[in-house]
$ cat model02.cif   # mmCIF, C-alpha atoms and all ligand atoms
data_coords
#
loop_
_atom_site.label_atom_id
_atom_site.label_comp_id
_atom_site.auth_asym_id
_atom_site.auth_seq_id
_atom_site.Cartn_x
_atom_site.Cartn_y
_atom_site.Cartn_z
CA MET A 12 107.89 136.74 93.24
CA SER A 13 106.07 135.09 96.06
CA ARG A 14 105.61 131.37 96.39
CA VAL A 15 102.78 129.74 98.30
CA TYR A 16 102.87 126.71 100.57
CA ASN A 17 101.30 124.16 98.26
CA PHE A 18 99.59 121.22 99.98
CA SER A 19 98.26 119.69 96.74
CA ALA A 20 98.01 115.88 96.57
CA GLY A 21 99.33 115.95 93.01
CA PRO A 22 100.71 117.39 90.86
CA ALA A 23 102.48 118.70 93.88
CA VAL A 24 105.21 120.87 95.33
CA LEU A 25 108.74 120.41 93.94
CA PRO A 26 112.02 121.46 95.55
CA GLU A 27 112.59 125.14 94.82
CA GLU A 28 116.26 124.45 94.18
CA VAL A 29 115.35 122.02 91.40
CA LEU A 30 112.99 124.52 89.78
CA LYS A 31 115.65 127.22 89.85
CA GLU A 32 118.23 124.95 88.30
CA ALA A 33 115.79 123.95 85.57
CA ALA A 34 115.07 127.63 84.92
CA GLU A 35 118.78 128.36 84.56
CA GLU A 36 119.15 125.52 82.09
CA MET A 37 115.96 126.33 80.19
CA LEU A 38 117.50 127.97 77.12
CA ASP A 39 120.84 126.24 77.03
CA TYR A 40 121.29 122.89 78.71
CA LYS A 41 124.98 122.57 79.61
CA GLY A 42 126.32 124.23 76.49
CA SER A 43 124.14 122.22 74.10
CA GLY A 44 122.45 125.43 72.93
CA GLN A 45 119.03 123.81 73.46
CA SER A 46 116.45 123.23 76.12
CA VAL A 47 116.00 119.62 77.24
CA MET A 48 112.47 120.01 75.84
CA GLU A 49 113.87 120.48 72.37
CA MET A 50 116.49 117.79 72.08
CA SER A 51 116.28 114.35 70.52
CA HIS A 52 115.72 111.53 72.97
CA ARG A 53 118.32 109.64 70.91
CA SER A 54 121.01 112.28 71.39
CA LYS A 55 124.13 111.71 73.46
CA VAL A 56 123.19 114.57 75.79
CA TYR A 57 119.80 113.07 76.54
CA ASP A 58 121.19 109.58 76.89
CA GLN A 59 123.33 110.83 79.72
CA ILE A 60 120.33 112.47 81.41
CA ILE A 61 118.22 109.30 81.46
CA LYS A 62 121.14 107.00 82.35
CA GLU A 63 122.16 109.24 85.23
CA ALA A 64 118.58 109.45 86.47
CA GLU A 65 118.38 105.66 86.57
CA ALA A 66 121.77 105.31 88.25
CA ASP A 67 120.88 107.87 90.92
CA LEU A 68 117.53 106.21 91.59
CA ARG A 69 119.24 102.82 91.90
CA GLU A 70 121.66 104.29 94.39
CA LEU A 71 118.96 106.05 96.42
CA MET A 72 116.72 102.98 96.69
CA ASN A 73 119.53 100.46 96.72
CA ILE A 74 117.83 98.60 93.86
CA PRO A 75 119.24 95.08 93.37
CA ASP A 76 120.78 94.19 89.98
CA ASN A 77 118.00 91.73 89.17
CA TYR A 78 115.43 94.54 88.98
CA LYS A 79 114.81 96.72 85.92
CA VAL A 80 113.89 100.37 86.20
CA LEU A 81 111.43 101.57 83.57
CA PHE A 82 110.31 105.11 82.81
CA LEU A 83 106.82 104.77 81.33
CA GLN A 84 103.82 106.85 80.31
CA GLY A 85 100.07 106.51 80.81
CA GLY A 86 100.06 107.33 84.49
CA ALA A 87 99.56 104.96 87.37
CA SER A 88 96.07 104.39 85.97
CA GLN A 89 97.38 102.73 82.83
CA PHE A 90 99.72 100.63 84.92
CA PHE A 91 96.62 99.17 86.65
CA ALA A 92 96.09 97.27 83.36
CA GLU A 93 99.76 96.55 82.72
CA VAL A 94 100.02 94.51 85.92
CA PRO A 95 97.47 91.84 84.92
CA MET A 96 98.53 91.94 81.26
CA ASN A 97 102.10 91.10 82.18
CA MET A 98 101.61 89.00 85.30
CA MET A 99 98.34 87.05 85.11
CA LYS A 100 99.62 83.67 83.92
CA ASN A 101 96.89 81.83 85.85
CA LYS A 102 94.46 84.70 85.35
CA LYS A 103 93.96 85.07 89.06
CA ALA A 104 95.26 87.60 91.58
CA GLY A 105 94.51 88.90 95.07
CA TYR A 106 93.80 92.55 95.83
CA ILE A 107 93.76 94.36 99.18
CA LEU A 108 91.27 97.18 99.02
CA THR A 109 92.35 100.18 101.07
CA GLY A 110 90.92 103.04 99.02
CA GLN A 111 89.93 104.36 95.65
CA TRP A 112 93.20 103.71 93.87
CA ALA A 113 93.28 100.08 95.01
CA LYS A 114 89.64 99.73 93.97
CA LYS A 115 90.39 101.13 90.54
CA ALA A 116 93.31 98.75 90.07
CA PHE A 117 91.06 95.90 91.21
CA ALA A 118 88.31 96.85 88.74
CA GLU A 119 90.88 97.05 85.94
CA ALA A 120 92.30 93.60 86.77
CA LYS A 121 88.80 92.14 86.52
CA ILE A 122 88.81 92.95 82.81
CA TYR A 123 91.65 90.44 82.34
CA GLY A 124 91.05 87.70 84.86
CA GLU A 125 89.74 86.78 88.26
CA ALA A 126 90.61 89.48 90.76
CA VAL A 127 89.86 88.39 94.31
CA GLU A 128 89.26 90.76 97.22
CA LEU A 129 91.60 89.52 99.96
CA ALA A 130 90.77 92.19 102.53
CA SER A 131 89.13 95.59 102.62
CA SER A 132 88.68 98.58 104.89
CA ALA A 133 85.62 99.86 103.01
CA ASP A 134 83.44 99.19 106.10
CA LYS A 135 84.95 102.23 107.85
CA THR A 136 85.50 104.53 104.84
CA PHE A 137 89.04 103.22 104.38
CA SER A 138 90.19 104.84 107.63
CA TYR A 139 92.49 101.96 108.55
CA ILE A 140 94.67 99.21 107.05
CA PRO A 141 93.12 95.74 107.45
CA ASP A 142 94.98 92.92 109.19
CA CYS A 143 97.02 91.25 106.45
CA SER A 144 98.77 88.56 108.47
CA ASP A 145 96.65 85.64 107.28
CA LEU A 146 94.86 86.43 104.03
CA PRO A 147 92.87 83.91 101.96
CA ILE A 148 95.63 83.67 99.36
CA THR A 149 95.40 80.58 97.16
CA ASP A 150 98.17 78.76 95.34
CA ASP A 151 96.89 79.66 91.90
CA MET A 152 97.15 83.42 92.45
CA ASP A 153 99.73 85.16 90.29
CA TYR A 154 100.36 88.04 92.69
CA VAL A 155 99.08 90.06 95.63
CA TYR A 156 98.39 93.74 95.04
CA ILE A 157 98.44 96.71 97.41
CA CYS A 158 98.28 100.47 97.24
CA GLU A 159 100.93 101.16 99.86
CA ASN A 160 100.04 104.75 100.70
CA ASN A 161 96.45 105.82 100.23
CA THR A 162 96.61 109.35 98.90
CA ILE A 163 92.92 110.10 99.36
CA TYR A 164 92.25 108.49 102.75
CA GLY A 165 95.65 109.11 104.33
CA THR A 166 96.58 105.60 105.45
CA LYS A 167 99.78 103.68 104.86
CA PHE A 168 100.86 100.06 105.22
CA LYS A 169 103.42 100.19 108.06
CA LYS A 170 104.03 96.50 107.59
CA LEU A 171 103.78 94.68 104.26
CA PRO A 172 101.13 91.94 103.97
CA ASN A 173 102.03 88.32 104.42
CA THR A 174 101.71 87.21 100.79
CA LYS A 175 102.36 83.55 101.61
CA GLY A 176 105.19 83.47 99.10
CA LYS A 177 103.30 85.19 96.29
CA ASP A 178 104.75 88.13 94.40
CA LEU A 179 103.86 91.51 95.86
CA VAL A 180 102.91 94.39 93.57
CA ALA A 181 102.75 97.84 95.16
CA ASP A 182 101.47 101.18 93.93
CA VAL A 183 103.69 103.64 95.79
CA SER A 184 102.66 106.76 93.85
CA SER A 185 102.22 108.92 96.95
CA CYS A 186 105.05 107.55 99.12
CA PHE A 187 107.74 107.07 96.47
CA LEU A 188 111.17 108.01 97.92
CA SER A 189 109.66 109.18 101.22
CA GLU A 190 111.64 106.59 103.20
CA PRO A 191 114.03 103.69 102.61
CA VAL A 192 112.48 100.49 101.22
CA ASP A 193 113.70 96.94 100.86
CA VAL A 194 113.08 96.49 97.13
CA SER A 195 113.72 92.74 97.34
CA LYS A 196 110.45 92.29 99.27
CA TYR A 197 108.48 93.33 96.19
CA ALA A 198 108.07 91.89 92.71
CA VAL A 199 106.96 95.23 91.30
CA ILE A 200 107.08 98.72 92.80
CA TYR A 201 105.60 101.49 90.72
CA GLY A 202 104.24 104.98 90.95
CA GLY A 203 103.23 108.06 89.06
CA VAL A 204 105.92 110.65 89.70
CA GLN A 205 103.63 113.67 90.04
CA LYS A 206 103.01 113.12 93.74
CA ASN A 207 106.40 112.93 95.42
CA VAL A 208 109.00 112.91 92.65
CA GLY A 209 108.52 115.18 89.67
CA PRO A 210 106.13 116.77 87.18
CA ALA A 211 103.26 114.72 85.75
CA GLY A 212 103.83 112.49 82.74
CA CYS A 213 105.89 109.57 83.93
CA VAL A 214 105.45 106.35 85.85
CA ILE A 215 108.54 104.73 87.29
CA ALA A 216 108.33 100.95 87.57
CA ILE A 217 110.87 98.79 89.34
CA ILE A 218 110.29 95.24 88.17
CA ARG A 219 112.03 91.97 89.05
CA GLU A 220 113.67 90.69 85.88
CA ASP A 221 112.06 87.26 85.75
CA LEU A 222 108.64 88.94 85.37
CA ILE A 223 109.71 90.62 82.16
CA THR A 224 108.96 88.07 79.46
CA ASP A 225 107.15 87.54 76.16
CA ASP A 226 104.54 85.50 78.01
CA VAL A 227 101.86 88.18 78.36
CA LEU A 228 98.09 88.04 77.92
CA PRO A 229 96.98 87.76 74.28
CA GLY A 230 96.12 91.17 72.91
CA THR A 231 98.58 93.08 75.09
CA PRO A 232 99.65 96.15 73.09
CA THR A 233 103.36 96.29 72.24
CA MET A 234 103.78 99.46 74.27
CA LEU A 235 102.27 97.93 77.40
CA LYS A 236 104.46 94.85 77.34
CA TRP A 237 107.20 95.40 79.90
CA LYS A 238 109.68 93.47 77.74
CA THR A 239 109.33 96.00 74.94
CA GLN A 240 110.22 98.82 77.31
CA ALA A 241 112.95 96.91 79.13
CA ASP A 242 114.68 95.78 75.91
CA ALA A 243 114.79 99.38 74.73
CA ASP A 244 115.91 100.86 78.09
CA SER A 245 112.68 102.92 78.25
CA LEU A 246 113.44 104.38 74.81
CA TYR A 247 111.19 102.21 72.66
CA ASN A 248 109.40 105.38 71.63
CA THR A 249 109.77 108.99 72.71
CA PRO A 250 109.74 109.02 76.49
CA PRO A 251 108.50 111.95 78.62
CA CYS A 252 111.93 113.54 78.22
CA TYR A 253 111.50 116.68 80.27
CA THR A 254 109.74 114.93 83.14
CA ILE A 255 112.53 112.37 83.41
CA TYR A 256 115.09 115.20 83.40
CA ILE A 257 113.34 116.91 86.34
CA CYS A 258 112.99 113.57 88.18
CA GLY A 259 116.75 113.16 87.75
CA LYS A 260 117.30 116.55 89.36
CA VAL A 261 115.06 115.56 92.27
CA PHE A 262 117.11 112.36 92.73
CA LYS A 263 120.27 114.48 92.95
CA TRP A 264 118.54 116.82 95.43
CA LEU A 265 117.60 113.80 97.57
CA LYS A 266 121.14 112.46 97.46
CA LYS A 267 122.54 115.85 98.44
CA ASN A 268 120.13 116.04 101.37
CA GLY A 269 121.13 112.74 102.93
CA GLY A 270 119.12 110.23 100.91
CA LEU A 271 116.00 108.35 101.95
CA GLN A 272 116.89 107.80 105.62
CA ALA A 273 117.27 111.56 106.14
CA MET A 274 114.06 112.12 104.19
CA LYS A 275 112.21 109.65 106.42
CA GLU A 276 113.38 111.43 109.56
CA LEU A 277 112.34 114.80 108.19
CA ASN A 278 108.98 113.45 107.01
CA GLU A 279 108.31 111.94 110.43
CA LYS A 280 109.15 115.23 112.07
CA LYS A 281 106.87 117.16 109.73
CA ALA A 282 103.98 114.73 110.12
CA ARG A 283 104.33 114.71 113.91
CA ILE A 284 103.93 118.50 114.06
CA LEU A 285 100.63 118.28 112.23
CA TYR A 286 99.26 115.10 113.85
CA ASP A 287 100.18 116.28 117.37
CA PHE A 288 98.20 119.43 116.76
CA LEU A 289 95.22 117.51 115.33
CA ASP A 290 95.23 115.30 118.43
CA GLU A 291 95.17 118.21 120.87
CA SER A 292 92.87 120.53 118.91
CA ASN A 293 89.22 120.99 119.88
CA LEU A 294 88.22 122.15 116.42
CA PHE A 295 90.23 119.98 114.03
CA MET A 296 90.67 116.22 114.03
CA GLY A 297 92.33 113.58 111.87
CA THR A 298 90.17 111.01 110.11
CA VAL A 299 92.21 107.79 110.27
CA VAL A 300 93.37 105.45 113.03
CA LYS A 301 96.65 106.56 114.56
CA GLU A 302 98.72 103.47 113.85
CA ASP A 303 98.00 103.60 110.10
CA ARG A 304 98.55 107.29 109.52
CA SER A 305 100.35 108.32 106.35
CA LEU A 306 103.42 110.55 106.58
CA MET A 307 102.51 112.10 103.24
CA ASN A 308 98.77 112.78 103.10
CA VAL A 309 96.98 114.10 106.16
CA PRO A 310 93.19 114.34 105.87
CA PHE A 311 91.35 116.20 108.62
CA VAL A 312 87.92 117.64 109.35
CA CYS A 313 86.31 120.06 111.76
CA ASN A 314 84.92 118.35 114.84
CA ILE A 315 81.43 119.87 114.64
CA GLU A 316 78.29 117.78 114.93
CA ASP A 317 75.91 119.95 112.96
CA ALA A 318 76.63 119.09 109.31
CA ASP A 319 75.75 122.53 107.90
CA LYS A 320 77.81 124.32 110.51
CA LYS A 321 80.71 121.93 109.87
CA ALA A 322 80.62 122.55 106.13
CA GLU A 323 80.43 126.29 106.70
CA ILE A 324 83.46 126.41 109.04
CA GLU A 325 85.49 124.11 106.79
CA ALA A 326 84.78 126.29 103.77
CA LYS A 327 85.75 129.35 105.81
CA PHE A 328 88.98 127.68 106.88
CA ILE A 329 89.93 126.73 103.33
CA LYS A 330 89.16 130.23 102.06
CA GLU A 331 91.14 132.01 104.78
CA ALA A 332 94.03 129.54 104.50
CA THR A 333 94.22 130.15 100.76
CA GLU A 334 94.28 133.91 101.32
CA ALA A 335 97.12 133.42 103.80
CA GLY A 336 99.17 131.46 101.24
CA PHE A 337 98.37 127.86 102.27
CA VAL A 338 96.84 126.47 99.10
CA ASN A 339 95.15 123.28 97.88
CA LEU A 340 93.97 122.20 101.33
CA LYS A 341 90.49 121.19 100.20
CA GLY A 342 89.90 117.51 100.87
CA HIS A 343 89.20 114.99 98.13
CA ARG A 344 85.57 115.09 97.03
CA SER A 345 84.98 111.58 98.40
CA VAL A 346 86.14 112.43 101.94
CA GLY A 347 85.33 116.12 102.27
CA GLY A 348 87.00 118.32 104.86
CA MET A 349 90.65 119.12 104.34
CA ARG A 350 93.80 117.31 103.30
CA ALA A 351 97.36 118.50 103.67
CA SER A 352 99.81 116.63 101.47
CA ILE A 353 103.25 117.13 102.97
CA TYR A 354 105.54 115.47 100.46
CA ASN A 355 109.36 115.49 100.53
CA ALA A 356 109.57 118.94 98.96
CA MET A 357 107.29 120.61 101.55
CA PRO A 358 109.68 122.44 103.87
CA ILE A 359 109.21 121.97 107.62
CA GLU A 360 108.44 125.70 107.92
CA GLY A 361 105.41 125.13 105.69
CA VAL A 362 103.96 122.65 108.19
CA GLU A 363 104.90 124.77 111.22
CA LYS A 364 103.28 127.84 109.72
CA LEU A 365 100.18 125.89 108.72
CA VAL A 366 99.76 124.69 112.31
CA GLU A 367 100.24 128.26 113.60
CA PHE A 368 97.54 129.37 111.19
CA MET A 369 95.21 126.56 112.31
CA LYS A 370 95.73 127.51 115.97
CA LYS A 371 94.86 131.10 115.22
CA PHE A 372 91.78 130.05 113.23
CA GLU A 373 90.66 127.81 116.09
CA LYS A 374 90.92 130.68 118.59
CA GLU A 375 89.01 133.06 116.35
CA ASN A 376 86.26 130.53 115.71
CA ALA A 377 85.90 129.01 119.16
C1 LIG A 401 97.33 109.75 91.93
C2 LIG A 401 97.37 108.28 92.15
C3 LIG A 401 97.08 107.38 91.11
C4 LIG A 401 96.66 107.83 89.74
O1 LIG A 401 97.71 108.40 89.07
P1 LIG A 401 97.62 108.84 87.54
O2 LIG A 401 99.06 109.04 87.21
O3 LIG A 401 96.83 110.10 87.51
O4 LIG A 401 96.99 107.76 86.77
C5 LIG A 401 97.18 106.04 91.39
N1 LIG A 401 97.55 105.59 92.59
C6 LIG A 401 97.82 106.44 93.61
C7 LIG A 401 98.21 105.88 94.94
C8 LIG A 401 97.74 107.80 93.42
O5 LIG A 401 98.00 108.63 94.44
#
$ encode --input "model02.cif" --output "structure tokens" --more "lines below"
Ligand SMILES: *Cc1c(COP(=O)(O)O)cnc(C)c1O
Amino acid sequence: MSRVYNFSAGPAVLPEEVLKEAAEEMLDYKGSGQSVMEMSHRSKVYDQIIKEAEADLRELMNIPDNYKVLFLQGGASQFFAEVPMNMMKNKKAGYILTGQWAKKAFAEAKIYGEAVELASSADKTFSYIPDCSDLPITDDMDYVYICENNTIYGTKFKKLPNTKGKDLVADVSSCFLSEPVDVSKYAVIYGGVQKNVGPAGCVIAIIREDLITDDVLPGTPTMLKWKTQADADSLYNTPPCYTIYICGKVFKWLKKNGGLQAMKELNEKKARILYDFLDESNLFMGTVVKEDRSLMNVPFVCNIEDADKKAEIEAKFIKEATEAGFVNLKGHRSVGGMRASIYNAMPIEGVEKLVEFMKKFEKENA
């Protein structure tokens, strides 16, 4: 067996230890004689799995008691609609546009009410985070929305926007559990787990309790009403059982490895290795402003003026990297170039070896 270094933006690398444990439990989960894939979500065994997952997540993120944790389906993309459906009492909300995922959430909100662009970094291909200290937020807005880490463009909010007292909703899909957060600063934190937490199929939403009510937009489907899910402890219908089980294992892995503060330090160390190289390289360069760089997603290009030559060298790099066991480095189609996603489960050796490989490639292609 040989495993690659997987730099995919999502679905993405998972801790090897977790995969091995899951393999060991595949045929017989803890003496139950069944795989977790095969058991009833109403069984005692499964109840313990989902309850423990929630408890471990609460501990890791230090989630206050007045927040509910929901395990949902439909991906982050469906949650784009759930936010206005459950929160637009005045049918008006402010959106900060820092990339494609924020834009998609913004477009979705417009179906349900007035979504206002508060700030945007579209003028420079989303390569920075706009100044959010004094946004045109009005009293009648129900919430302010951000995508905290921009998976495609590789920027991250290092400081939360001044929401002028309005509830903050954050899509944290690609920075979930990458560092400690103060949950109480948000009204809603949510993310698809397939980036930094687990296999695809589940969205985890952490929602302040007072936002979970029957007062939703007319026409909101039962399943998309947060109250339905909260009242049933995420078991209104069959949840993504196996995905939640693996997420639970990742939570335990995080706890064992020192929790989110330790993860932050490791992530900073990993990112520094790659960014330092990009800054000193003559061939490769990062694409976003230094102060807004993401710790998780690192887009970069070849610093070559001639567009054809640039495309040729980038394609050569991706091909040779793949052959050397560094996979999924091709950049998102909207940015081009390369992107290395270095989530929690990417070991530091993976980043060190990638940089070694890039140095060698640079020498050979000088
Ligand atoms: C991947 C991603 C999404 C979309 O997630 P789906 O689960 O595929 O709907 C939304 N927001 C961010 C920040 C993402 O990285």
$ atom_distance --input "model02.cif" --atom1 "CA of Lys103 in chain A" --atom2 "CA of Asp151 in chain A"
6.8 Å
$ residues_around --input "model02.cif" --residues "Lys41 in chain A" --least-positions-apart "6" --cutoff "10 Å" --atoms "all atoms listed in the file" --output "PyMOL selection string"
chain A and resi 35+47+56
$ residues_near_ligand --input "model02.cif" --ligand "ligand LIG 401 (chain A)" --cutoff "9 Å" --atoms "all atoms listed in the file" --output "count of residues only"
37
$ closest_residue --input "model02.cif" --among "A:Pro250, A:Tyr156, A:Thr109, A:Ile122" --to "Met50 in chain A" --atoms "all atoms listed in the file"
A:Pro250
$ atom_distance --input "model02.cif" --atom1 "CA of Asp303 in chain A" --atom2 "CA of Lys167 in chain A"
5.5 Å
$ closest_residue --input "model02.cif" --among "A:Lys263, A:Asp225, A:Leu188, A:Tyr139" --to "Asp67 in chain A" --atoms "only C-alpha atoms"
A:Lys263
$ closest_residue --input "model02.cif" --among "A:Met369, A:Pro75, A:Gly347, A:Met307" --to "Ala322 in chain A" --atoms "only C-alpha atoms"
A:Gly347
$ atom_distance --input "model02.cif" --atom1 "CA of Pro191 in chain A" --atom2 "CA of Asn207 in chain A"
14.0 Å
$ residues_around --input "model02.cif" --residues "Leu228 in chain A" --least-positions-apart "3" --cutoff "12 Å" --atoms "all atoms listed in the file" --output "PyMOL selection string"
chain A and resi 92-102+120+122-124+224-225+231-233+235-237
$ write_last_selection --input "model02.cif" --atoms "C-alpha atoms" --output "compact mmCIF listing (two decimals), in the frame of the given file"
# COMPACT_ATOMS: atom_id res chain seq x y z
CA ALA A 92 96.09 97.27 83.36
CA GLU A 93 99.76 96.55 82.72
CA VAL A 94 100.02 94.51 85.92
CA PRO A 95 97.47 91.84 84.92
CA MET A 96 98.53 91.94 81.26
CA ASN A 97 102.10 91.10 82.18
CA MET A 98 101.61 89.00 85.30
CA MET A 99 98.34 87.05 85.11
CA LYS A 100 99.62 83.67 83.92
CA ASN A 101 96.89 81.83 85.85
CA LYS A 102 94.46 84.70 85.35
CA ALA A 120 92.30 93.60 86.77
CA ILE A 122 88.81 92.95 82.81
CA TYR A 123 91.65 90.44 82.34
CA GLY A 124 91.05 87.70 84.86
CA THR A 224 108.96 88.07 79.46
CA ASP A 225 107.15 87.54 76.16
CA THR A 231 98.58 93.08 75.09
CA PRO A 232 99.65 96.15 73.09
CA THR A 233 103.36 96.29 72.24
CA LEU A 235 102.27 97.93 77.40
CA LYS A 236 104.46 94.85 77.34
CA TRP A 237 107.20 95.40 79.90
$ residues_around --input "model02.cif" --residues "Val300 in chain A" --least-positions-apart "6" --cutoff "10 Å" --atoms "only C-alpha atoms" --output "number ranges by chain"
A: 137-140, 165-166
$ residues_around --input "model02.cif" --residues "range 356-358 of chain A" --least-positions-apart "5" --cutoff "8 Å" --atoms "all atoms listed in the file" --output "list of chain:residue names"
A:Tyr16, A:Asn17, A:Phe18, A:Val24, A:Leu25, A:Pro26, A:Asn207
$ decode --input "model02.cif" --residues "range 124-132 of chain A" --atoms "all heavy atoms" --output "tab-separated table (two decimals), in the first residue's frame"
chain	number	residue	atom	x	y	z
A	124	GLY	N	-35.27	37.42	-0.14
A	124	GLY	CA	-35.43	38.77	0.39
A	124	GLY	C	-34.41	39.70	-0.24
A	124	GLY	O	-33.84	39.40	-1.28
A	125	GLU	N	-34.19	40.82	0.45
A	125	GLU	CA	-33.23	41.79	-0.07
A	125	GLU	C	-31.85	41.49	0.51
A	125	GLU	O	-31.62	41.65	1.71
A	125	GLU	CB	-33.68	43.21	0.33
A	125	GLU	CG	-32.87	44.29	-0.34
A	125	GLU	CD	-33.25	45.69	0.18
A	125	GLU	OE1	-34.30	45.84	0.84
A	125	GLU	OE2	-32.47	46.62	-0.07
A	126	ALA	N	-30.97	41.03	-0.33
A	126	ALA	CA	-29.60	40.78	0.10
A	126	ALA	C	-28.74	41.94	-0.39
A	126	ALA	O	-28.74	42.26	-1.57
A	126	ALA	CB	-29.09	39.46	-0.45
A	127	VAL	N	-28.07	42.58	0.55
A	127	VAL	CA	-27.31	43.80	0.24
A	127	VAL	C	-25.81	43.50	0.26
A	127	VAL	O	-25.32	42.86	1.21
A	127	VAL	CB	-27.62	44.90	1.29
A	127	VAL	CG1	-26.83	46.18	0.99
A	127	VAL	CG2	-29.11	45.17	1.33
A	128	GLU	N	-25.11	43.95	-0.76
A	128	GLU	CA	-23.65	43.80	-0.78
A	128	GLU	C	-23.04	44.85	0.12
A	128	GLU	O	-23.15	46.05	-0.14
A	128	GLU	CB	-23.15	43.96	-2.22
A	128	GLU	CG	-21.65	43.91	-2.32
A	128	GLU	CD	-21.14	44.16	-3.75
A	128	GLU	OE1	-21.74	43.62	-4.71
A	128	GLU	OE2	-20.15	44.90	-3.88
A	129	LEU	N	-22.41	44.43	1.21
A	129	LEU	CA	-21.83	45.38	2.16
A	129	LEU	C	-20.41	45.77	1.79
A	129	LEU	O	-19.94	46.87	2.06
A	129	LEU	CB	-21.81	44.77	3.57
A	129	LEU	CG	-23.16	44.51	4.22
A	129	LEU	CD1	-22.96	43.73	5.52
A	129	LEU	CD2	-23.91	45.81	4.48
A	130	ALA	N	-19.69	44.82	1.20
A	130	ALA	CA	-18.31	45.04	0.78
A	130	ALA	C	-17.95	43.91	-0.15
A	130	ALA	O	-18.59	42.85	-0.13
A	130	ALA	CB	-17.36	45.04	1.99
A	131	SER	N	-16.92	44.14	-0.97
A	131	SER	CA	-16.52	43.09	-1.91
A	131	SER	C	-15.05	43.25	-2.26
A	131	SER	O	-14.51	44.35	-2.25
A	131	SER	CB	-17.38	43.21	-3.18
A	131	SER	OG	-16.82	42.40	-4.21
A	132	SER	N	-14.42	42.14	-2.59
A	132	SER	CA	-13.04	42.21	-3.09
A	132	SER	C	-12.98	41.69	-4.52
A	132	SER	O	-11.94	41.25	-5.00
A	132	SER	CB	-12.08	41.44	-2.17
A	132	SER	OG	-12.56	40.13	-1.91
